[in-house]
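Peer 1: Got structure_20.txt for you, compact mmCIF, N, CA and C atoms:
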# COMPACT_ATOMS: atom_id res chain seq x y z
N MET P 10 0.82 -1.20 0.00
CA MET P 10 0.00 0.00 0.00
C MET P 10 0.86 1.26 0.00
N VAL P 11 1.97 1.24 0.74
CA VAL P 11 2.86 2.39 0.80
C VAL P 11 3.43 2.71 -0.58
N ILE P 12 3.79 1.66 -1.34
CA ILE P 12 4.36 1.87 -2.67
C ILE P 12 3.31 2.50 -3.58
N VAL P 13 2.07 2.03 -3.52
CA VAL P 13 1.00 2.57 -4.36
C VAL P 13 0.74 4.03 -4.02
N SER P 14 0.66 4.35 -2.73
CA SER P 14 0.38 5.74 -2.36
C SER P 14 1.54 6.66 -2.74
N ALA P 15 2.76 6.19 -2.59
CA ALA P 15 3.91 7.00 -2.97
C ALA P 15 3.93 7.24 -4.49
N GLU P 16 3.62 6.21 -5.26
CA GLU P 16 3.59 6.36 -6.72
C GLU P 16 2.44 7.27 -7.15
N PHE P 17 1.29 7.11 -6.50
CA PHE P 17 0.15 7.99 -6.79
C PHE P 17 0.53 9.43 -6.51
N ALA P 18 1.13 9.68 -5.35
CA ALA P 18 1.54 11.04 -4.98
C ALA P 18 2.53 11.61 -5.99
N ARG P 19 3.48 10.81 -6.40
CA ARG P 19 4.49 11.27 -7.37
C ARG P 19 3.82 11.65 -8.70
N LEU P 20 2.97 10.76 -9.19
CA LEU P 20 2.30 11.02 -10.47
C LEU P 20 1.35 12.20 -10.38
N TRP P 21 0.62 12.28 -9.27
CA TRP P 21 -0.33 13.38 -9.08
C TRP P 21 0.40 14.73 -9.05
N MET P 22 1.49 14.80 -8.31
CA MET P 22 2.26 16.05 -8.23
C MET P 22 2.85 16.42 -9.58
N LYS P 23 3.37 15.44 -10.31
CA LYS P 23 3.93 15.70 -11.64
C LYS P 23 2.84 16.24 -12.57
N MET P 24 1.69 15.57 -12.56
CA MET P 24 0.60 15.97 -13.44
C MET P 24 0.08 17.38 -13.10
N THR P 25 -0.12 17.66 -11.82
CA THR P 25 -0.66 18.97 -11.46
C THR P 25 0.36 20.08 -11.71
N LYS P 26 1.65 19.78 -11.50
CA LYS P 26 2.69 20.78 -11.78
C LYS P 26 2.71 21.12 -13.27
N GLU P 27 2.67 20.08 -14.11
CA GLU P 27 2.66 20.30 -15.56
C GLU P 27 1.40 21.04 -15.99
N TRP P 28 0.26 20.66 -15.42
CA TRP P 28 -1.03 21.29 -15.72
C TRP P 28 -0.96 22.79 -15.42
N LYS P 29 -0.54 23.14 -14.19
CA LYS P 29 -0.48 24.54 -13.78
C LYS P 29 0.50 25.33 -14.64
N SER P 30 1.65 24.75 -14.90
CA SER P 30 2.66 25.42 -15.71
C SER P 30 2.14 25.69 -17.12
N HIS P 31 1.53 24.69 -17.73
CA HIS P 31 0.99 24.84 -19.07
C HIS P 31 -0.11 25.91 -19.11
N LEU P 32 -1.04 25.82 -18.16
CA LEU P 32 -2.15 26.78 -18.15
C LEU P 32 -1.65 28.21 -17.94
N GLU P 33 -0.77 28.40 -16.97
CA GLU P 33 -0.28 29.76 -16.70
C GLU P 33 0.41 30.34 -17.94
N GLU P 34 1.19 29.51 -18.62
CA GLU P 34 1.91 29.96 -19.82
C GLU P 34 0.93 30.31 -20.95
N GLU P 35 -0.05 29.45 -21.19
CA GLU P 35 -0.99 29.65 -22.29
C GLU P 35 -2.02 30.75 -22.01
N LEU P 36 -2.38 30.94 -20.75
CA LEU P 36 -3.39 31.94 -20.41
C LEU P 36 -2.81 33.36 -20.39
N ALA P 37 -1.51 33.47 -20.13
CA ALA P 37 -0.85 34.77 -20.03
C ALA P 37 -0.93 35.51 -21.36
N PRO P 38 -0.95 36.82 -21.36
CA PRO P 38 -0.83 37.70 -20.20
C PRO P 38 -2.19 38.14 -19.63
N GLY P 39 -3.28 37.78 -20.28
CA GLY P 39 -4.57 38.35 -19.87
C GLY P 39 -5.29 37.63 -18.77
N LEU P 40 -4.80 36.45 -18.36
CA LEU P 40 -5.56 35.63 -17.44
C LEU P 40 -4.63 34.70 -16.67
N THR P 41 -5.03 34.35 -15.44
CA THR P 41 -4.32 33.34 -14.67
C THR P 41 -5.27 32.18 -14.41
N GLU P 42 -4.73 31.08 -13.94
CA GLU P 42 -5.57 29.91 -13.63
C GLU P 42 -6.60 30.25 -12.56
N GLY P 43 -6.18 31.00 -11.53
CA GLY P 43 -7.10 31.40 -10.46
C GLY P 43 -8.21 32.30 -10.97
N GLN P 44 -7.86 33.22 -11.86
CA GLN P 44 -8.87 34.11 -12.44
C GLN P 44 -9.85 33.33 -13.30
N LEU P 45 -9.36 32.34 -14.02
CA LEU P 45 -10.25 31.50 -14.82
C LEU P 45 -11.26 30.79 -13.93
N SER P 46 -10.81 30.29 -12.80
CA SER P 46 -11.72 29.62 -11.86
C SER P 46 -12.81 30.57 -11.37
N VAL P 47 -12.42 31.80 -11.06
CA VAL P 47 -13.40 32.79 -10.60
C VAL P 47 -14.39 33.13 -11.72
N LEU P 48 -13.89 33.33 -12.92
CA LEU P 48 -14.77 33.64 -14.05
C LEU P 48 -15.78 32.51 -14.28
N GLU P 49 -15.31 31.27 -14.20
CA GLU P 49 -16.23 30.14 -14.40
C GLU P 49 -17.31 30.11 -13.34
N LEU P 50 -16.94 30.35 -12.10
CA LEU P 50 -17.93 30.41 -11.02
C LEU P 50 -18.94 31.52 -11.26
N LEU P 51 -18.44 32.69 -11.62
CA LEU P 51 -19.32 33.83 -11.84
C LEU P 51 -20.26 33.60 -13.02
N LEU P 52 -19.77 32.98 -14.07
CA LEU P 52 -20.62 32.73 -15.23
C LEU P 52 -21.80 31.83 -14.88
N VAL P 53 -21.63 30.97 -13.90
CA VAL P 53 -22.71 30.07 -13.48
C VAL P 53 -23.60 30.74 -12.43
N HIS P 54 -23.00 31.51 -11.51
CA HIS P 54 -23.73 31.99 -10.34
C HIS P 54 -23.88 33.51 -10.25
N GLN P 55 -23.45 34.26 -11.23
CA GLN P 55 -23.44 35.72 -11.07
C GLN P 55 -24.84 36.30 -10.99
N PRO P 56 -24.97 37.42 -10.32
CA PRO P 56 -23.91 38.09 -9.57
C PRO P 56 -23.63 37.37 -8.26
N MET P 57 -22.40 37.53 -7.79
CA MET P 57 -22.00 36.93 -6.52
C MET P 57 -21.37 38.00 -5.64
N LYS P 58 -21.49 37.81 -4.34
CA LYS P 58 -20.75 38.65 -3.40
C LYS P 58 -19.36 38.04 -3.27
N PRO P 59 -18.34 38.85 -3.04
CA PRO P 59 -17.00 38.29 -2.85
C PRO P 59 -16.97 37.20 -1.79
N SER P 60 -17.73 37.36 -0.72
CA SER P 60 -17.75 36.35 0.34
C SER P 60 -18.33 35.02 -0.15
N ASP P 61 -19.19 35.05 -1.17
CA ASP P 61 -19.76 33.82 -1.72
C ASP P 61 -18.68 32.95 -2.38
N LEU P 62 -17.62 33.59 -2.86
CA LEU P 62 -16.54 32.86 -3.53
C LEU P 62 -15.78 31.96 -2.55
N LEU P 63 -15.82 32.32 -1.26
CA LEU P 63 -15.09 31.54 -0.26
C LEU P 63 -15.54 30.08 -0.22
N GLY P 64 -16.81 29.83 -0.48
CA GLY P 64 -17.31 28.47 -0.45
C GLY P 64 -16.80 27.61 -1.58
N TYR P 65 -16.24 28.22 -2.60
CA TYR P 65 -15.78 27.49 -3.78
C TYR P 65 -14.25 27.46 -3.91
N LEU P 66 -13.60 28.46 -3.37
CA LEU P 66 -12.15 28.59 -3.55
C LEU P 66 -11.44 28.34 -2.23
N GLU P 67 -10.30 27.73 -2.28
CA GLU P 67 -9.51 27.47 -1.09
C GLU P 67 -8.55 28.63 -0.86
N THR P 68 -9.09 29.70 -0.28
CA THR P 68 -8.29 30.90 -0.07
C THR P 68 -8.90 31.72 1.06
N THR P 69 -8.35 32.90 1.27
CA THR P 69 -8.80 33.78 2.35
C THR P 69 -9.59 34.96 1.77
N PRO P 70 -10.37 35.63 2.62
CA PRO P 70 -11.08 36.83 2.14
C PRO P 70 -10.12 37.88 1.56
N ALA P 71 -8.98 38.06 2.20
CA ALA P 71 -8.01 39.05 1.71
C ALA P 71 -7.50 38.67 0.32
N ALA P 72 -7.24 37.38 0.12
CA ALA P 72 -6.75 36.93 -1.19
C ALA P 72 -7.82 37.11 -2.26
N ILE P 73 -9.07 36.89 -1.92
CA ILE P 73 -10.16 37.09 -2.88
C ILE P 73 -10.26 38.57 -3.25
N THR P 74 -10.13 39.44 -2.27
CA THR P 74 -10.17 40.88 -2.55
C THR P 74 -9.05 41.28 -3.49
N THR P 75 -7.84 40.78 -3.23
CA THR P 75 -6.69 41.09 -4.09
C THR P 75 -6.92 40.55 -5.51
N LEU P 76 -7.42 39.32 -5.60
CA LEU P 76 -7.70 38.71 -6.90
C LEU P 76 -8.74 39.52 -7.66
N LEU P 77 -9.82 39.90 -6.99
CA LEU P 77 -10.87 40.70 -7.65
C LEU P 77 -10.36 42.08 -8.04
N ASP P 78 -9.49 42.67 -7.23
CA ASP P 78 -8.88 43.95 -7.59
C ASP P 78 -8.14 43.84 -8.92
N ARG P 79 -7.32 42.79 -9.04
CA ARG P 79 -6.55 42.57 -10.28
C ARG P 79 -7.49 42.31 -11.46
N MET P 80 -8.51 41.51 -11.22
CA MET P 80 -9.44 41.19 -12.29
C MET P 80 -10.22 42.42 -12.74
N GLU P 81 -10.57 43.27 -11.79
CA GLU P 81 -11.28 44.50 -12.14
C GLU P 81 -10.37 45.44 -12.93
N ARG P 82 -9.12 45.57 -12.49
CA ARG P 82 -8.17 46.41 -13.24
C ARG P 82 -7.94 45.87 -14.65
N GLY P 83 -8.00 44.54 -14.81
CA GLY P 83 -7.82 43.92 -16.12
C GLY P 83 -9.08 43.92 -16.97
N GLY P 84 -10.18 44.46 -16.43
CA GLY P 84 -11.42 44.54 -17.19
C GLY P 84 -12.19 43.24 -17.29
N LEU P 85 -11.88 42.28 -16.41
CA LEU P 85 -12.54 40.97 -16.47
C LEU P 85 -13.85 40.94 -15.68
N VAL P 86 -13.90 41.69 -14.59
CA VAL P 86 -15.10 41.75 -13.75
C VAL P 86 -15.39 43.20 -13.38
N VAL P 87 -16.60 43.40 -12.89
CA VAL P 87 -16.98 44.70 -12.36
C VAL P 87 -17.66 44.46 -11.02
N ARG P 88 -17.40 45.37 -10.08
CA ARG P 88 -18.04 45.30 -8.76
C ARG P 88 -18.98 46.48 -8.63
N ASN P 89 -20.20 46.19 -8.22
CA ASN P 89 -21.22 47.23 -8.04
C ASN P 89 -21.84 47.09 -6.66
N ARG P 90 -22.17 48.24 -6.07
CA ARG P 90 -22.87 48.25 -4.78
C ARG P 90 -24.33 47.92 -5.00
N ASP P 91 -24.89 47.17 -4.06
CA ASP P 91 -26.31 46.85 -4.09
C ASP P 91 -27.12 48.14 -3.92
N GLU P 92 -28.15 48.30 -4.72
CA GLU P 92 -28.93 49.54 -4.67
C GLU P 92 -29.74 49.68 -3.38
N SER P 93 -30.18 48.57 -2.81
CA SER P 93 -30.99 48.67 -1.60
C SER P 93 -30.16 48.59 -0.32
N ASP P 94 -28.96 48.01 -0.40
CA ASP P 94 -28.07 47.92 0.76
C ASP P 94 -26.65 48.17 0.29
N ARG P 95 -26.18 49.38 0.45
CA ARG P 95 -24.88 49.80 -0.08
C ARG P 95 -23.70 49.04 0.53
N ARG P 96 -23.93 48.31 1.62
CA ARG P 96 -22.85 47.52 2.21
C ARG P 96 -22.52 46.29 1.37
N ILE P 97 -23.47 45.86 0.54
CA ILE P 97 -23.30 44.66 -0.28
C ILE P 97 -22.68 45.03 -1.62
N VAL P 98 -21.67 44.26 -2.02
CA VAL P 98 -21.01 44.44 -3.31
C VAL P 98 -21.28 43.20 -4.15
N TRP P 99 -21.69 43.42 -5.39
CA TRP P 99 -21.95 42.32 -6.33
C TRP P 99 -20.87 42.31 -7.40
N VAL P 100 -20.40 41.12 -7.72
CA VAL P 100 -19.36 40.95 -8.75
C VAL P 100 -20.00 40.28 -9.96
N THR P 101 -19.76 40.86 -11.15
CA THR P 101 -20.25 40.27 -12.39
C THR P 101 -19.13 40.27 -13.43
N VAL P 102 -19.28 39.41 -14.42
CA VAL P 102 -18.29 39.26 -15.49
C VAL P 102 -18.58 40.30 -16.57
N THR P 103 -17.52 40.92 -17.08
CA THR P 103 -17.65 41.86 -18.19
C THR P 103 -17.64 41.09 -19.51
N ASP P 104 -17.88 41.80 -20.60
CA ASP P 104 -17.79 41.16 -21.92
C ASP P 104 -16.38 40.62 -22.16
N LYS P 105 -15.38 41.41 -21.77
CA LYS P 105 -13.99 40.95 -21.92
C LYS P 105 -13.76 39.70 -21.07
N GLY P 106 -14.32 39.67 -19.88
CA GLY P 106 -14.19 38.51 -19.01
C GLY P 106 -14.82 37.27 -19.62
N GLN P 107 -15.95 37.44 -20.31
CA GLN P 107 -16.59 36.30 -20.97
C GLN P 107 -15.71 35.76 -22.10
N VAL P 108 -15.10 36.67 -22.86
CA VAL P 108 -14.21 36.26 -23.94
C VAL P 108 -12.99 35.53 -23.39
N GLU P 109 -12.40 36.08 -22.33
CA GLU P 109 -11.22 35.45 -21.72
C GLU P 109 -11.57 34.11 -21.08
N ALA P 110 -12.74 34.00 -20.48
CA ALA P 110 -13.17 32.73 -19.90
C ALA P 110 -13.31 31.68 -20.99
N ALA P 111 -13.93 32.03 -22.09
CA ALA P 111 -14.10 31.09 -23.20
C ALA P 111 -12.73 30.66 -23.74
N ARG P 112 -11.80 31.60 -23.86
CA ARG P 112 -10.45 31.29 -24.33
C ARG P 112 -9.76 30.35 -23.35
N GLY P 113 -9.87 30.65 -22.06
CA GLY P 113 -9.24 29.83 -21.03
C GLY P 113 -9.80 28.41 -20.97
N ILE P 114 -11.10 28.30 -21.08
CA ILE P 114 -11.75 26.98 -21.06
C ILE P 114 -11.30 26.17 -22.28
N ALA P 115 -11.21 26.83 -23.43
CA ALA P 115 -10.76 26.13 -24.64
C ALA P 115 -9.32 25.64 -24.50
N ILE P 116 -8.46 26.46 -23.91
CA ILE P 116 -7.06 26.07 -23.69
C ILE P 116 -7.00 24.88 -22.74
N ARG P 117 -7.73 24.95 -21.65
CA ARG P 117 -7.73 23.87 -20.67
C ARG P 117 -8.31 22.59 -21.27
N ASP P 118 -9.43 22.70 -21.98
CA ASP P 118 -10.06 21.52 -22.57
C ASP P 118 -9.16 20.86 -23.61
N ALA P 119 -8.45 21.66 -24.40
CA ALA P 119 -7.54 21.11 -25.40
C ALA P 119 -6.40 20.35 -24.72
N TYR P 120 -5.89 20.91 -23.63
CA TYR P 120 -4.80 20.26 -22.90
C TYR P 120 -5.26 18.93 -22.31
N ILE P 121 -6.44 18.94 -21.70
CA ILE P 121 -6.98 17.71 -21.11
C ILE P 121 -7.27 16.68 -22.20
N SER P 122 -7.86 17.11 -23.30
CA SER P 122 -8.17 16.18 -24.39
C SER P 122 -6.90 15.54 -24.94
N GLU P 123 -5.85 16.34 -25.09
CA GLU P 123 -4.58 15.81 -25.58
C GLU P 123 -4.03 14.74 -24.63
N ALA P 124 -4.13 15.00 -23.33
CA ALA P 124 -3.65 14.03 -22.35
C ALA P 124 -4.51 12.77 -22.36
N LEU P 125 -5.82 12.94 -22.42
CA LEU P 125 -6.72 11.79 -22.38
C LEU P 125 -6.70 10.97 -23.67
N ASP P 126 -6.34 11.61 -24.77
CA ASP P 126 -6.28 10.89 -26.05
C ASP P 126 -5.22 9.78 -26.04
N ARG P 127 -4.35 9.79 -25.05
CA ARG P 127 -3.31 8.76 -24.94
C ARG P 127 -3.87 7.42 -24.47
N ILE P 128 -5.11 7.46 -23.95
CA ILE P 128 -5.73 6.22 -23.46
C ILE P 128 -7.08 6.01 -24.14
N SER P 129 -7.55 4.79 -24.12
CA SER P 129 -8.81 4.46 -24.79
C SER P 129 -10.00 5.16 -24.13
N SER P 130 -11.10 5.22 -24.86
CA SER P 130 -12.33 5.81 -24.34
C SER P 130 -12.78 5.09 -23.07
N HIS P 131 -12.70 3.76 -23.10
CA HIS P 131 -13.08 2.98 -21.91
C HIS P 131 -12.22 3.37 -20.71
N ASN P 132 -10.90 3.46 -20.92
CA ASN P 132 -10.00 3.82 -19.82
C ASN P 132 -10.20 5.26 -19.37
N GLN P 133 -10.60 6.15 -20.28
CA GLN P 133 -10.93 7.52 -19.88
C GLN P 133 -12.10 7.51 -18.90
N GLN P 134 -13.14 6.75 -19.24
CA GLN P 134 -14.31 6.65 -18.36
C GLN P 134 -13.92 6.03 -17.02
N LEU P 135 -13.08 5.01 -17.07
CA LEU P 135 -12.61 4.36 -15.85
C LEU P 135 -11.80 5.33 -14.99
N LEU P 136 -10.93 6.10 -15.62
CA LEU P 136 -10.12 7.08 -14.90
C LEU P 136 -11.01 8.09 -14.18
N VAL P 137 -11.99 8.62 -14.89
CA VAL P 137 -12.90 9.59 -14.28
C VAL P 137 -13.65 8.96 -13.11
N TYR P 138 -14.11 7.72 -13.30
CA TYR P 138 -14.81 7.00 -12.24
C TYR P 138 -13.92 6.83 -11.02
N LEU P 139 -12.68 6.38 -11.24
CA LEU P 139 -11.77 6.13 -10.13
C LEU P 139 -11.36 7.43 -9.43
N LEU P 140 -11.11 8.48 -10.18
CA LEU P 140 -10.80 9.77 -9.56
C LEU P 140 -11.98 10.27 -8.73
N GLY P 141 -13.18 10.03 -9.23
CA GLY P 141 -14.37 10.38 -8.46
C GLY P 141 -14.42 9.64 -7.14
N LYS P 142 -14.07 8.37 -7.16
CA LYS P 142 -14.03 7.57 -5.92
C LYS P 142 -12.99 8.13 -4.95
N VAL P 143 -11.81 8.46 -5.47
CA VAL P 143 -10.74 8.99 -4.62
C VAL P 143 -11.15 10.35 -4.06
N ALA P 144 -11.72 11.20 -4.89
CA ALA P 144 -12.09 12.56 -4.47
C ALA P 144 -13.22 12.56 -3.45
N ASN P 145 -14.10 11.58 -3.50
CA ASN P 145 -15.24 11.56 -2.59
C ASN P 145 -15.00 10.74 -1.34
N SER P 146 -13.80 10.21 -1.17
CA SER P 146 -13.54 9.35 0.00
C SER P 146 -13.27 10.16 1.25
For this file, produce the structure as structure tokens.
Peer 2:
Amino acid sequence: MVIVSAEFARLWMKMTKEWKSHLEEELAPGLTEGQLSVLELLLVHQPMKPSDLLGYLETTPAAITTLLDRMERGGLVVRNRDESDRRIVWVTVTDKGQVEAARGIAIRDAYISEALDRISSHNQQLLVYLLGKVANS
């Protein structure tokens, strides 16, 4: 069991390192992997309050504020005060953010497809099934 877990850890770290490196390189200069994650969340759930993002992202409120600041400066999102309660801030995706999200998703999907094309369709389904089992344990 120790050998299997060590090999799994080695392969997982190699795969995620390559994944992150590839995405960051291909998404630059207009987008980062973290920003893509936020855009995808917003496209499904917008408008969202910055605090709502905490339930989806493994980060701190301060880091979310910094991330949204950068995204707003880059024209990817806009923050607006709630009209009935000025204490509430709503975050929505801009047109530029929608374009960048679509570009980022296409880059990620192409990378994943290229990796999965190395194995049969049956093994792809099996891999997804097994990763689901590991992730839900």
Peer 1: List as a compact mmCIF listing (two decimals) with N, CA and C atoms, keeping the file's coordinate frame the protein and nucleic acid residues near Thr101 (chain P), meaning an atom at most 6 Å away when only N, CA and C atoms are counted, but skip any in the same chain fewer than 2 places from it.
Peer 2:
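Below is the file that was written, part_19.txt:
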# COMPACT_ATOMS: atom_id res chain seq x y z
N GLN P 55 -23.45 34.26 -11.23
CA GLN P 55 -23.44 35.72 -11.07
C GLN P 55 -24.84 36.30 -10.99
N PRO P 56 -24.97 37.42 -10.32
CA PRO P 56 -23.91 38.09 -9.57
C PRO P 56 -23.63 37.37 -8.26
N MET P 57 -22.40 37.53 -7.79
CA MET P 57 -22.00 36.93 -6.52
C MET P 57 -21.37 38.00 -5.64
N LEU P 85 -11.88 42.28 -16.41
CA LEU P 85 -12.54 40.97 -16.47
C LEU P 85 -13.85 40.94 -15.68
N VAL P 86 -13.90 41.69 -14.59
CA VAL P 86 -15.10 41.75 -13.75
C VAL P 86 -15.39 43.20 -13.38
N VAL P 87 -16.60 43.40 -12.89
CA VAL P 87 -16.98 44.70 -12.36
C VAL P 87 -17.66 44.46 -11.02
N ARG P 88 -17.40 45.37 -10.08
CA ARG P 88 -18.04 45.30 -8.76
C ARG P 88 -18.98 46.48 -8.63
N TRP P 99 -21.69 43.42 -5.39
CA TRP P 99 -21.95 42.32 -6.33
C TRP P 99 -20.87 42.31 -7.40
N THR P 103 -17.52 40.92 -17.08
CA THR P 103 -17.65 41.86 -18.19
C THR P 103 -17.64 41.09 -19.51
Peer 1: With distances taken over only C-alpha atoms, which of P:Val53, P:Leu48, P:Arg82, P:Tyr65 is nearest to Glu109 (chain P)?
Peer 2: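 The closest residue to Glu109 (chain P) is P:Leu48.
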Peer 1: In Å, how far is it from CA of Val143 (chain P) to CA of Leu36 (chain P)?
Peer 2: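 Interatomic distance here is 28.8 Å.
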Peer 1: Measuring atom to atom with only C-alpha atoms, identify which of P:Gly141, P:Pro70, P:Gly83, P:Gly64 is nearest to Leu40 (chain P).
Peer 2: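 Answer, going by the shortest atom-to-atom distance: P:Gly83.
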Peer 1: Report, in Å with one decimal, the straight-line distance from CA of Met22 (chain P) to atom C of His131 (chain P).
Peer 2: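 Here the two named atoms are 22.9 Å from each other.
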Peer 1: Edge lengths and centre in Å to one decimal, as lines of an AutoDock Vina configuration file, is what I'm after for the box along x, y and z that holds all listed atoms of region 63-71 of chain P once 5 Å is added on each side.
Peer 2:
center_x = -12.4
center_y = 33.3
center_z = -0.6
size_x = 19.8
size_y = 21.6
size_z = 16.5
Peer 1: Run DSSP on the backbone and grab whatever in region 61-143 of chain P lands in strand (DSSP E or B); send it over as a ChimeraX atom specification.
Peer 2: /P:86-90,98-102
Peer 1: Hey, can you check how far CA of Met24 (chain P) sits from CA of Gln133 (chain P)?
Peer 2: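 Computing the Euclidean distance for CA of Met24 (chain P) and CA of Gln133 (chain P) yields 15.7 Å.
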Peer 1: Find the residue from P:Ser122, P:Ser130, P:Leu62, P:Arg117 that sits nearest to Leu32 (chain P); use all atoms listed in the file when measuring.
Peer 2: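 Of P:Ser122, P:Ser130, P:Leu62, P:Arg117, the one nearest Leu32 (chain P) is P:Arg117, counting all atoms listed in the file.
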